[in-house]
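A.B. asks: Got a file for you: model-v4.cif, mmCIF, C-alpha atoms and all ligand atoms.
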data_model
#
loop_
_atom_site.label_atom_id
_atom_site.label_comp_id
_atom_site.auth_asym_id
_atom_site.auth_seq_id
_atom_site.Cartn_x
_atom_site.Cartn_y
_atom_site.Cartn_z
CA MET A 3 0.00 0.00 0.00
CA ASP A 4 1.04 3.58 -0.66
CA LYS A 5 2.87 4.83 2.42
CA THR A 6 3.66 8.49 2.88
CA LEU A 7 3.62 10.52 6.08
CA LEU A 8 0.16 12.08 6.29
CA PHE A 9 -0.26 15.79 6.98
CA THR A 10 -3.88 15.45 5.98
CA VAL A 11 -7.24 15.82 7.76
CA GLY A 12 -8.65 12.39 7.08
CA PRO A 13 -7.63 9.66 6.95
CA VAL A 14 -4.71 10.66 9.14
CA GLU A 15 -1.83 8.84 10.85
CA MET A 16 -3.27 6.32 13.31
CA SER A 17 -1.48 5.15 16.47
CA SER A 18 -0.03 1.64 16.42
CA LYS A 19 -2.49 0.52 19.08
CA ILE A 20 -5.44 1.54 16.92
CA LYS A 21 -3.87 -0.13 13.87
CA ASP A 22 -3.41 -3.35 15.85
CA ILE A 23 -7.08 -3.45 16.80
CA GLY A 24 -7.87 -3.08 13.10
CA GLY A 25 -5.90 -6.24 12.39
CA ALA A 26 -7.91 -8.35 14.82
CA GLY A 27 -11.01 -10.33 13.94
CA ILE A 28 -14.50 -8.82 14.06
CA PRO A 29 -16.75 -10.15 16.84
CA TYR A 30 -20.48 -10.78 16.56
CA PHE A 31 -22.34 -7.68 17.69
CA ARG A 32 -25.90 -8.49 18.70
CA THR A 33 -24.62 -9.15 22.18
CA LYS A 34 -24.86 -7.53 25.56
CA GLU A 35 -21.09 -6.94 25.56
CA PHE A 36 -21.26 -4.95 22.32
CA SER A 37 -24.25 -2.96 23.61
CA GLU A 38 -22.24 -1.98 26.66
CA VAL A 39 -19.44 -0.70 24.43
CA MET A 40 -21.92 1.37 22.41
CA LEU A 41 -23.47 2.91 25.52
CA GLU A 42 -20.07 3.80 26.91
CA ILE A 43 -19.10 5.38 23.61
CA GLU A 44 -22.27 7.46 23.77
CA ASN A 45 -21.43 8.70 27.25
CA LYS A 46 -17.86 9.56 26.41
CA LEU A 47 -18.76 11.44 23.22
CA LYS A 48 -21.34 13.47 25.12
CA LYS A 49 -18.80 14.27 27.80
CA PHE A 50 -16.16 15.39 25.27
CA LEU A 51 -18.70 17.64 23.53
CA TYR A 52 -19.89 19.14 26.83
CA THR A 53 -23.51 18.18 26.32
CA ASN A 54 -25.96 16.92 28.92
CA GLN A 55 -27.25 13.44 29.65
CA ASN A 56 -30.53 14.01 27.77
CA SER A 57 -28.64 14.38 24.48
CA LYS A 58 -28.42 11.30 22.26
CA VAL A 59 -25.73 9.87 20.02
CA ILE A 60 -26.66 8.30 16.68
CA THR A 61 -23.96 6.15 15.10
CA LEU A 62 -24.09 5.72 11.33
CA THR A 63 -21.98 3.48 9.17
CA ALA A 64 -21.40 6.12 6.51
CA SER A 65 -18.82 8.81 5.87
CA GLY A 66 -19.45 12.27 7.29
CA SER A 67 -21.51 13.40 4.31
CA GLY A 68 -23.98 10.63 5.11
CA ALA A 69 -24.47 12.11 8.56
CA MET A 70 -24.88 15.61 7.05
CA GLU A 71 -27.64 14.34 4.76
CA ALA A 72 -29.28 12.23 7.48
CA SER A 73 -29.49 15.20 9.84
CA ILE A 74 -31.12 17.47 7.27
CA ILE A 75 -33.74 15.03 6.01
CA ASN A 76 -34.75 13.97 9.51
CA ILE A 77 -34.91 17.41 11.10
CA PHE A 78 -36.22 19.72 8.37
CA THR A 79 -39.21 19.54 6.04
CA GLU A 80 -40.55 21.61 3.16
CA ASN A 81 -42.09 23.92 5.76
CA ASP A 82 -38.69 24.99 7.06
CA LYS A 83 -36.42 27.74 5.84
CA VAL A 84 -32.75 27.28 6.61
CA LEU A 85 -29.73 29.53 6.39
CA ILE A 86 -26.47 27.99 5.17
CA VAL A 87 -23.08 29.49 5.87
CA ASN A 88 -21.04 28.66 2.79
CA GLY A 89 -17.34 29.46 2.79
CA GLY A 90 -16.15 26.62 0.56
CA SER A 91 -16.76 23.08 -0.60
CA PHE A 92 -18.24 21.76 2.65
CA GLY A 93 -20.71 24.66 2.76
CA ASP A 94 -21.56 23.77 -0.85
CA ARG A 95 -22.38 20.27 0.32
CA PHE A 96 -25.07 21.55 2.69
CA GLU A 97 -26.55 23.53 -0.21
CA LYS A 98 -26.63 20.47 -2.47
CA ILE A 99 -28.34 18.36 0.19
CA CYS A 100 -31.05 20.99 0.79
CA LYS A 101 -31.60 21.39 -2.94
CA ILE A 102 -32.00 17.64 -3.55
CA HIS A 103 -34.47 17.32 -0.69
CA ASN A 104 -36.51 20.47 -1.45
CA ILE A 105 -35.66 22.26 1.79
CA ASN A 106 -35.98 26.04 1.36
CA TYR A 107 -32.69 27.71 1.98
CA ASN A 108 -30.70 30.88 1.66
CA VAL A 109 -26.96 31.18 1.66
CA ILE A 110 -24.47 33.45 3.36
CA LYS A 111 -21.78 33.14 0.75
CA LEU A 112 -18.36 34.07 2.09
CA LYS A 113 -15.22 34.75 0.11
CA LYS A 114 -12.78 31.86 0.38
CA GLY A 115 -10.64 32.35 3.47
CA GLU A 116 -13.01 34.93 4.96
CA SER A 117 -14.53 34.37 8.38
CA LEU A 118 -18.15 35.06 9.38
CA LYS A 119 -18.71 38.42 11.09
CA LYS A 120 -21.53 39.35 13.45
CA GLU A 121 -22.61 42.31 11.25
CA GLU A 122 -23.06 39.95 8.32
CA LEU A 123 -25.04 37.40 10.33
CA ASP A 124 -27.27 40.11 11.86
CA LYS A 125 -28.56 40.98 8.38
CA TYR A 126 -30.48 37.68 8.51
CA SER A 127 -32.22 38.52 11.78
CA ASN A 128 -36.03 38.28 11.90
CA LYS A 129 -36.34 36.76 8.44
CA GLY A 130 -38.27 33.64 9.42
CA TYR A 131 -35.44 31.12 9.41
CA THR A 132 -36.00 27.90 11.32
CA GLY A 133 -32.50 26.41 11.00
CA LEU A 134 -28.87 27.35 10.45
CA LEU A 135 -26.34 24.97 8.92
CA ILE A 136 -22.64 25.59 9.34
CA ASN A 137 -19.32 23.74 9.12
CA VAL A 138 -17.50 24.72 12.31
CA HIS A 139 -14.24 24.51 10.40
CA GLU A 140 -14.53 24.93 6.60
CA THR A 141 -11.83 22.38 5.91
CA SER A 142 -11.34 23.42 2.29
CA THR A 143 -10.01 26.84 3.31
CA GLY A 144 -8.91 26.31 6.93
CA VAL A 145 -11.37 28.88 8.29
CA LEU A 146 -12.73 28.35 11.81
CA TYR A 147 -16.03 30.11 12.54
CA ASP A 148 -16.91 31.74 15.85
CA MET A 149 -19.50 29.24 17.06
CA LYS A 150 -20.21 31.10 20.26
CA MET A 151 -21.29 34.09 18.22
CA VAL A 152 -23.34 31.91 15.83
CA GLY A 153 -24.95 30.16 18.80
CA GLU A 154 -25.96 33.48 20.38
CA PHE A 155 -27.57 34.55 17.11
CA CYS A 156 -29.52 31.30 16.85
CA LYS A 157 -30.68 31.45 20.46
CA LYS A 158 -31.92 35.02 20.02
CA GLU A 159 -33.71 34.11 16.77
CA ASN A 160 -34.98 30.77 18.07
CA ILE A 161 -33.33 28.92 15.17
CA LEU A 162 -32.09 25.31 15.29
CA LEU A 163 -28.34 25.19 14.98
CA VAL A 164 -26.77 22.27 13.10
CA ALA A 165 -22.98 22.24 13.35
CA ASP A 166 -20.76 20.04 11.22
CA ALA A 167 -17.80 19.74 13.60
CA ILE A 168 -16.24 16.92 11.59
CA SER A 169 -12.81 18.49 11.17
CA SER A 170 -12.87 20.61 14.31
CA PHE A 171 -13.89 18.23 17.09
CA LEU A 172 -10.83 17.47 19.28
CA ALA A 173 -8.80 20.11 17.44
CA ASP A 174 -10.60 23.27 18.57
CA GLU A 175 -12.51 24.15 21.72
CA TYR A 176 -16.17 23.10 21.43
CA LYS A 177 -18.97 23.54 23.97
CA MET A 178 -22.16 22.10 22.55
CA ASP A 179 -24.68 23.12 25.22
CA GLU A 180 -23.04 26.33 26.36
CA TRP A 181 -22.86 27.59 22.78
CA GLY A 182 -26.46 26.58 22.04
CA ILE A 183 -25.68 23.94 19.42
CA ASP A 184 -28.59 21.56 18.81
CA VAL A 185 -26.93 19.04 16.50
CA THR A 186 -23.26 18.12 16.21
CA ILE A 187 -22.02 16.08 13.25
CA LEU A 188 -18.80 14.05 13.61
CA SER A 189 -16.95 11.38 11.68
CA SER A 190 -14.29 8.82 12.46
CA GLN A 191 -11.41 9.66 10.14
CA LYS A 192 -10.52 13.22 11.21
CA ALA A 193 -9.19 14.15 14.68
CA LEU A 194 -10.53 10.89 16.08
CA ALA A 195 -7.75 9.39 13.91
CA LEU A 196 -9.65 6.20 13.05
CA PRO A 197 -10.38 4.58 9.71
CA PRO A 198 -13.15 6.20 7.65
CA GLY A 199 -16.57 4.57 7.89
CA LEU A 200 -18.37 5.86 10.96
CA SER A 201 -20.16 9.14 11.46
CA PHE A 202 -22.20 10.47 14.34
CA LEU A 203 -25.02 12.83 15.11
CA ILE A 204 -25.21 14.14 18.64
CA ILE A 205 -28.64 15.68 19.16
CA ASN A 206 -30.22 17.44 22.12
CA LYS A 207 -33.69 16.74 23.53
CA LYS A 208 -35.35 19.37 21.33
CA VAL A 209 -34.02 17.74 18.16
CA ASN A 210 -34.80 14.27 19.46
CA ASP A 211 -38.47 15.28 19.74
CA ILE A 212 -38.49 16.75 16.23
CA ILE A 213 -37.00 13.59 14.74
CA ILE A 214 -39.53 11.38 16.53
CA LYS A 215 -42.46 13.30 15.10
CA ASN A 216 -41.15 13.78 11.54
CA SER A 217 -41.48 11.07 8.93
CA VAL A 218 -38.61 10.58 6.53
CA LYS A 219 -38.51 8.92 3.11
CA SER A 220 -35.49 6.75 3.73
CA LEU A 221 -34.94 3.28 5.10
CA TYR A 222 -31.24 3.49 5.98
CA PHE A 223 -31.34 7.06 7.27
CA ASP A 224 -34.54 6.89 9.31
CA LEU A 225 -33.07 8.14 12.56
CA LYS A 226 -36.08 7.14 14.65
CA ASP A 227 -34.97 3.58 14.15
CA TYR A 228 -31.44 4.42 15.36
CA LEU A 229 -32.76 6.21 18.44
CA MET A 230 -34.99 3.29 19.34
CA ASN A 231 -32.22 0.73 18.90
CA MET A 232 -29.73 2.82 20.83
CA GLU A 233 -31.91 2.63 23.93
CA ARG A 234 -30.30 -0.78 24.33
CA GLY A 235 -26.94 0.05 22.73
CA GLN A 236 -27.67 -1.30 19.27
CA THR A 237 -28.03 -0.05 15.69
CA PRO A 238 -30.76 -1.06 13.20
CA PHE A 239 -28.25 -2.32 10.62
CA THR A 240 -24.79 -3.90 10.83
CA PRO A 241 -22.40 -1.18 11.95
CA ALA A 242 -18.67 -0.97 11.15
CA VAL A 243 -18.03 -3.18 14.18
CA GLY A 244 -14.24 -3.09 13.89
CA ILE A 245 -14.10 0.70 13.84
CA ILE A 246 -16.42 0.84 16.83
CA TYR A 247 -13.88 -1.16 18.84
CA GLN A 248 -11.12 1.17 17.65
CA LEU A 249 -13.26 4.14 18.64
CA TYR A 250 -13.85 2.67 22.07
CA GLU A 251 -10.10 2.39 22.65
CA ARG A 252 -9.45 5.86 21.29
CA LEU A 253 -12.08 7.45 23.52
CA LYS A 254 -10.60 5.74 26.55
CA GLU A 255 -7.20 7.16 25.59
CA ILE A 256 -8.64 10.66 25.24
CA GLU A 257 -10.38 10.34 28.57
CA GLU A 258 -7.06 9.53 30.21
CA VAL A 259 -5.34 12.54 28.67
CA GLY A 260 -8.37 14.82 29.04
CA VAL A 261 -10.16 16.49 26.18
CA GLU A 262 -8.64 19.93 26.85
CA LYS A 263 -5.12 18.48 26.73
CA GLU A 264 -5.96 16.57 23.56
CA ILE A 265 -6.99 19.87 21.94
CA GLY A 266 -3.80 21.39 23.36
CA ILE A 267 -1.72 18.81 21.47
CA ARG A 268 -3.30 19.94 18.17
CA LYS A 269 -2.85 23.59 19.06
CA ASN A 270 0.76 23.02 19.89
CA LEU A 271 1.46 21.18 16.62
CA ALA A 272 -0.33 23.85 14.59
CA GLU A 273 1.46 26.74 16.30
CA ASP A 274 4.84 25.04 16.03
CA PHE A 275 4.33 24.54 12.31
CA ARG A 276 3.15 28.12 11.75
CA ASN A 277 6.16 29.47 13.61
CA ARG A 278 8.55 27.37 11.56
CA ILE A 279 7.27 28.69 8.23
CA LYS A 280 7.30 32.36 9.23
CA LYS A 281 10.44 33.20 7.25
CA LEU A 282 9.46 31.20 4.16
CA PRO A 283 7.72 32.73 1.14
CA LEU A 284 4.41 31.30 2.28
CA GLU A 285 1.31 33.24 3.27
CA LEU A 286 -1.45 32.12 5.61
CA PHE A 287 -4.85 32.07 3.90
CA ALA A 288 -7.56 31.84 6.56
CA GLU A 289 -8.72 34.89 8.49
CA THR A 290 -9.42 32.78 11.58
CA MET A 291 -7.63 29.44 11.73
CA SER A 292 -8.56 26.02 13.08
CA ASN A 293 -5.87 24.02 14.85
CA ALA A 294 -6.71 21.20 12.44
CA VAL A 295 -5.30 22.79 9.28
CA THR A 296 -2.97 25.51 8.05
CA ALA A 297 -4.02 26.76 4.63
CA ILE A 298 -1.07 28.21 2.73
CA VAL A 299 -0.62 30.38 -0.34
CA PRO A 300 2.92 30.02 -1.70
CA LYS A 301 4.26 33.27 -3.16
CA THR A 302 6.96 31.89 -5.43
CA MET A 303 5.64 28.55 -6.67
CA LYS A 304 2.43 26.84 -7.67
CA ALA A 305 0.70 25.11 -4.75
CA ASN A 306 0.02 21.92 -6.70
CA GLU A 307 3.74 21.65 -7.61
CA ILE A 308 4.68 21.82 -3.94
CA TYR A 309 2.13 19.12 -3.19
CA GLU A 310 3.54 16.89 -5.96
CA LYS A 311 7.14 17.36 -4.88
CA LEU A 312 6.38 16.66 -1.22
CA ARG A 313 4.50 13.53 -2.15
CA TYR A 314 6.77 12.04 -4.79
CA ASP A 315 10.23 13.31 -3.75
CA TYR A 316 9.79 13.40 0.03
CA GLU A 317 7.01 10.87 0.73
CA MET A 318 4.85 13.30 2.64
CA THR A 319 1.25 14.02 1.77
CA VAL A 320 -0.27 17.44 2.38
CA LEU A 321 -3.72 18.45 1.14
CA PRO A 322 -3.98 19.75 -2.41
CA SER A 323 -6.85 22.05 -3.38
CA GLY A 324 -9.38 21.66 -6.13
CA GLY A 325 -11.03 23.97 -8.65
CA ASP A 326 -9.94 27.59 -8.80
CA LEU A 327 -7.64 27.16 -5.80
CA LYS A 328 -5.61 24.33 -7.33
CA GLU A 329 -2.51 26.34 -8.12
CA LYS A 330 -3.00 28.86 -5.35
CA LEU A 331 -3.54 26.92 -2.13
CA PHE A 332 -2.33 23.84 -0.31
CA ARG A 333 -3.16 22.82 3.24
CA VAL A 334 -1.21 21.12 5.99
CA GLY A 335 -3.13 19.03 8.49
CA HIS A 336 -2.17 18.76 12.15
CA LEU A 337 -4.36 15.79 13.08
CA GLY A 338 -3.45 12.21 13.90
CA ASP A 339 -0.32 10.65 15.30
CA LEU A 340 2.15 13.42 14.33
CA THR A 341 4.98 14.95 16.35
CA ILE A 342 7.07 18.11 16.42
CA ASP A 343 9.81 16.06 14.68
CA ASP A 344 7.41 15.44 11.82
CA ASN A 345 6.81 19.18 11.55
CA GLU A 346 10.56 19.70 11.36
CA LYS A 347 10.87 17.14 8.56
CA LEU A 348 8.08 18.75 6.61
CA VAL A 349 9.46 22.27 7.00
CA ASP A 350 12.97 21.10 5.98
CA ALA A 351 11.47 19.62 2.83
CA LEU A 352 9.51 22.80 2.14
CA LYS A 353 12.69 24.85 2.50
CA GLU A 354 14.50 22.72 -0.08
CA ILE A 355 11.58 22.79 -2.50
CA LEU A 356 11.18 26.55 -2.23
CA LYS A 357 14.87 27.10 -2.85
CA GLY A 358 14.48 25.02 -5.99
CA GLU A 359 16.89 22.32 -4.86
C1 LIG B 401 -14.27 15.61 5.95
C2 LIG B 401 -15.43 16.51 6.13
C3 LIG B 401 -16.75 16.09 5.87
C4 LIG B 401 -17.11 14.70 5.47
O1 LIG B 401 -16.56 14.22 4.35
P1 LIG B 401 -16.66 12.66 4.06
O2 LIG B 401 -15.72 12.50 2.94
O3 LIG B 401 -18.08 12.39 3.68
O4 LIG B 401 -16.28 11.96 5.31
C5 LIG B 401 -17.77 16.99 6.10
N1 LIG B 401 -17.54 18.23 6.53
C6 LIG B 401 -16.31 18.67 6.80
C7 LIG B 401 -16.13 20.05 7.32
C8 LIG B 401 -15.21 17.82 6.60
O5 LIG B 401 -13.97 18.27 6.87
#
Translate this file's structure into structure tokens.
Ligand SMILES: *Cc1c(COP(=O)(O)O)cnc(C)c1O
C.D. replies:
Amino acid sequence: MDKTLLFTVGPVEMSSKIKDIGGAGIPYFRTKEFSEVMLEIENKLKKFLYTNQNSKVITLTASGSGAMEASIINIFTENDKVLIVNGGSFGDRFEKICKIHNINYNVIKLKKGESLKKEELDKYSNKGYTGLLINVHETSTGVLYDMKMVGEFCKKENILLVADAISSFLADEYKMDEWGIDVTILSSQKALALPPGLSFLIINKKVNDIIIKNSVKSLYFDLKDYLMNMERGQTPFTPAVGIIYQLYERLKEIEEVGVEKEIGIRKNLAEDFRNRIKKLPLELFAETMSNAVTAIVPKTMKANEIYEKLRYDYEMTVLPSGGDLKEKLFRVGHLGDLTIDDNEKLVDALKEILKGE
């Protein structure tokens, strides 16, 4: 298999312990032992998100986009009007989902790299919105939104707040209840540093009641079924059992370290990297940055050439960009099992590449 050092956001470098679990057999899961694991996972996720015991965790065997779609079709109907914050390709995804499912929506379209300001958001006050959809960290540009500010707006307007925290959870501070977030979307392959395949919706009591009373035209994504099964620690369909065991281990590890310290590790890696590139002809792109990613505009070379050289001459993979940003922007991820030494290696390689060696 292709083996380069990953400075990505997902999949990312996994610890050897997690990889070992992946190599073991897969147990049968309609058992009381598996149910106990699921219920413990639920409790730990709620704890790490700072949400209360009445919130519920829904575990889907699908990538993060599956959880994004599932949340929208189960929570909103044609009678709703939602506001989407779109600062890049993950904001686009929310738009596409709403369009396909005939949910009325309007978009706050931000320039790439621009953060969301209170003055901009306030323009949408008192306009009859019932929901707001946002990616906490717009991974395509590295921008981290001010969720406390967004939460205050939604509380004041009495709007449901759906937050895709997929690339921000465990990298940036996140307080679900305190910030008034009603739904949090997560997936396994980002800062959780697990294989791709699982995604999660963490919903509060208010959203739980909405889901129970709505009917949804989907078999696999009918969340009522997941909520009912989860009462006893089960899922309606066969979950990615192996990844659930890896998740269980990972959450126990995080609990030992503490969630604040875990976030501190990301912050430290991100800040170390940003300090090391200060004297290089590289510009930071995002107005407000997540600890998960540094988005970089090289001043003297094309971004995609730097990506290619790192990958094929140095065996390190950073994140290339697509579309109109292809030549302009590359991103460096700070998630997964990386160290300060790895940062040093990457920055040494960047120095050589930029000098044209
Ligand atoms: C990675 C990511 C997703 C999910 O992408 P999948 O490929 O479906 O797992 C969604 N939103 C954000 C912000 C992401 O970074």
A.B. asks: Could the residues that lie within 7 Å of ligand LIG 401 (chain B), counting only C-alpha atoms and all ligand atoms, be listed as a list in words?
C.D. replies: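 Using only C-alpha atoms and all ligand atoms, I find these residues within 7 Å of ligand LIG 401 (chain B): Gly12, Ser65, Gly66, Ser67, Gly68, Phe92, Asn137, Val138, His139, Glu140, Thr141, Asp166, Ala167, Ile168, Ser169, Ser189, Lys192 and Pro198 of chain A.
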A.B. asks: Restrict the selected residues to C-alpha atoms and save them as a PDB file, in the frame of the given file.
C.D. replies:
ATOM      1  CA  GLY A  12      -8.650  12.390   7.080  1.00  0.00           C
ATOM      2  CA  SER A  65     -18.820   8.810   5.870  1.00  0.00           C
ATOM      3  CA  GLY A  66     -19.450  12.270   7.290  1.00  0.00           C
ATOM      4  CA  SER A  67     -21.510  13.400   4.310  1.00  0.00           C
ATOM      5  CA  GLY A  68     -23.980  10.630   5.110  1.00  0.00           C
ATOM      6  CA  PHE A  92     -18.240  21.760   2.650  1.00  0.00           C
ATOM      7  CA  ASN A 137     -19.320  23.740   9.120  1.00  0.00           C
ATOM      8  CA  VAL A 138     -17.500  24.720  12.310  1.00  0.00           C
ATOM      9  CA  HIS A 139     -14.240  24.510  10.400  1.00  0.00           C
ATOM     10  CA  GLU A 140     -14.530  24.930   6.600  1.00  0.00           C
ATOM     11  CA  THR A 141     -11.830  22.380   5.910  1.00  0.00           C
ATOM     12  CA  ASP A 166     -20.760  20.040  11.220  1.00  0.00           C
ATOM     13  CA  ALA A 167     -17.800  19.740  13.600  1.00  0.00           C
ATOM     14  CA  ILE A 168     -16.240  16.920  11.590  1.00  0.00           C
ATOM     15  CA  SER A 169     -12.810  18.490  11.170  1.00  0.00           C
ATOM     16  CA  SER A 189     -16.950  11.380  11.680  1.00  0.00           C
ATOM     17  CA  LYS A 192     -10.520  13.220  11.210  1.00  0.00           C
ATOM     18  CA  PRO A 198     -13.150   6.200   7.650  1.00  0.00           C
TER      19      PRO A 198
END
A.B. asks: Using all atoms listed in the file, which residues of stretch 168-243 of chain A come within 7 Å of stretch 57-61 of chain A, and what is the closest atom pair for each, with the distance in Å to one decimal? Give it as CSV, sorted by chain and residue number.
C.D. replies:
residue,atom,partner,partner_atom,distance
A:Leu200,CA,A:Thr61,CA,7.0
A:Ser201,CA,A:Thr61,CA,6.1
A:Phe202,CA,A:Thr61,CA,4.7
A:Leu203,CA,A:Ile60,CA,5.1
A:Ile204,CA,A:Val59,CA,4.5
A:Ile205,CA,A:Lys58,CA,5.4
A:Asn206,CA,A:Ser57,CA,4.2
A:Lys207,CA,A:Ser57,CA,5.7
A:Tyr228,CA,A:Ile60,CA,6.3
A:Leu229,CA,A:Ile60,CA,6.7
A.B. asks: Give me the residues within 12 Å of A:Pro29 as a list in words, counting only C-alpha atoms and dropping any in the same chain fewer than 3 places off.
C.D. replies: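 Result of the neighbour search: Ile23, Gly24, Ala26, Arg32, Thr33, Glu35, Phe36, Thr240, Pro241, Ala242, Val243, Gly244, Ile245, Ile246 and Tyr247 of chain A.
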A.B. asks: Just the residues within 9 Å of A:Ala72, please, counting all atoms listed in the file, with nothing from its chain fewer than 3 positions along; format it as a list in words.
C.D. replies: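 The residues satisfying every condition are Ser67, Gly68, Ala69, Ile75, Asn76, Ile77, Leu203, Phe223, Asp224 and Leu225 of chain A.
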A.B. asks: With only C-alpha atoms as the counted atoms, please give the residues lying no more than 8 Å from A:Asp179, apart from itself and same-chain residues fewer than 4 positions off, as a ChimeraX atom specification.
C.D. replies: /A:52-54,183-184
A.B. asks: So what do you get for atom CA of A:Ala193 versus atom CA of A:Gly266, distance-wise?
C.D. replies: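 Computing it gives 12.5 Å between the two atoms.
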A.B. asks: Looking at A:Ser142, A:Gln236, A:Asn106, A:Thr6, which one is nearest to A:Thr319, with distances taken over all atoms listed in the file?
C.D. replies: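 The closest residue to A:Thr319 is A:Thr6.
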A.B. asks: Which one is closest to A:Thr302: A:Gly358, A:Leu348, A:Ile342, A:Lys120? Count only C-alpha atoms.
C.D. replies: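 Of A:Gly358, A:Leu348, A:Ile342, A:Lys120, the one nearest A:Thr302 is A:Gly358, counting only C-alpha atoms.
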A.B. asks: Can you work out the spacing between atom CA of A:Glu80 and atom CA of A:Thr132 in Å, to one decimal?
C.D. replies: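 Pair atom CA of A:Glu80 / atom CA of A:Thr132 returns 11.3 Å.
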A.B. asks: Residues at most 8 Å from A:His336, counting all atoms listed in the file, excluding those fewer than 4 positions away in the same chain, as a PyMOL selection string?
C.D. replies: chain A and resi 9-11+268+271-272+293-296+340
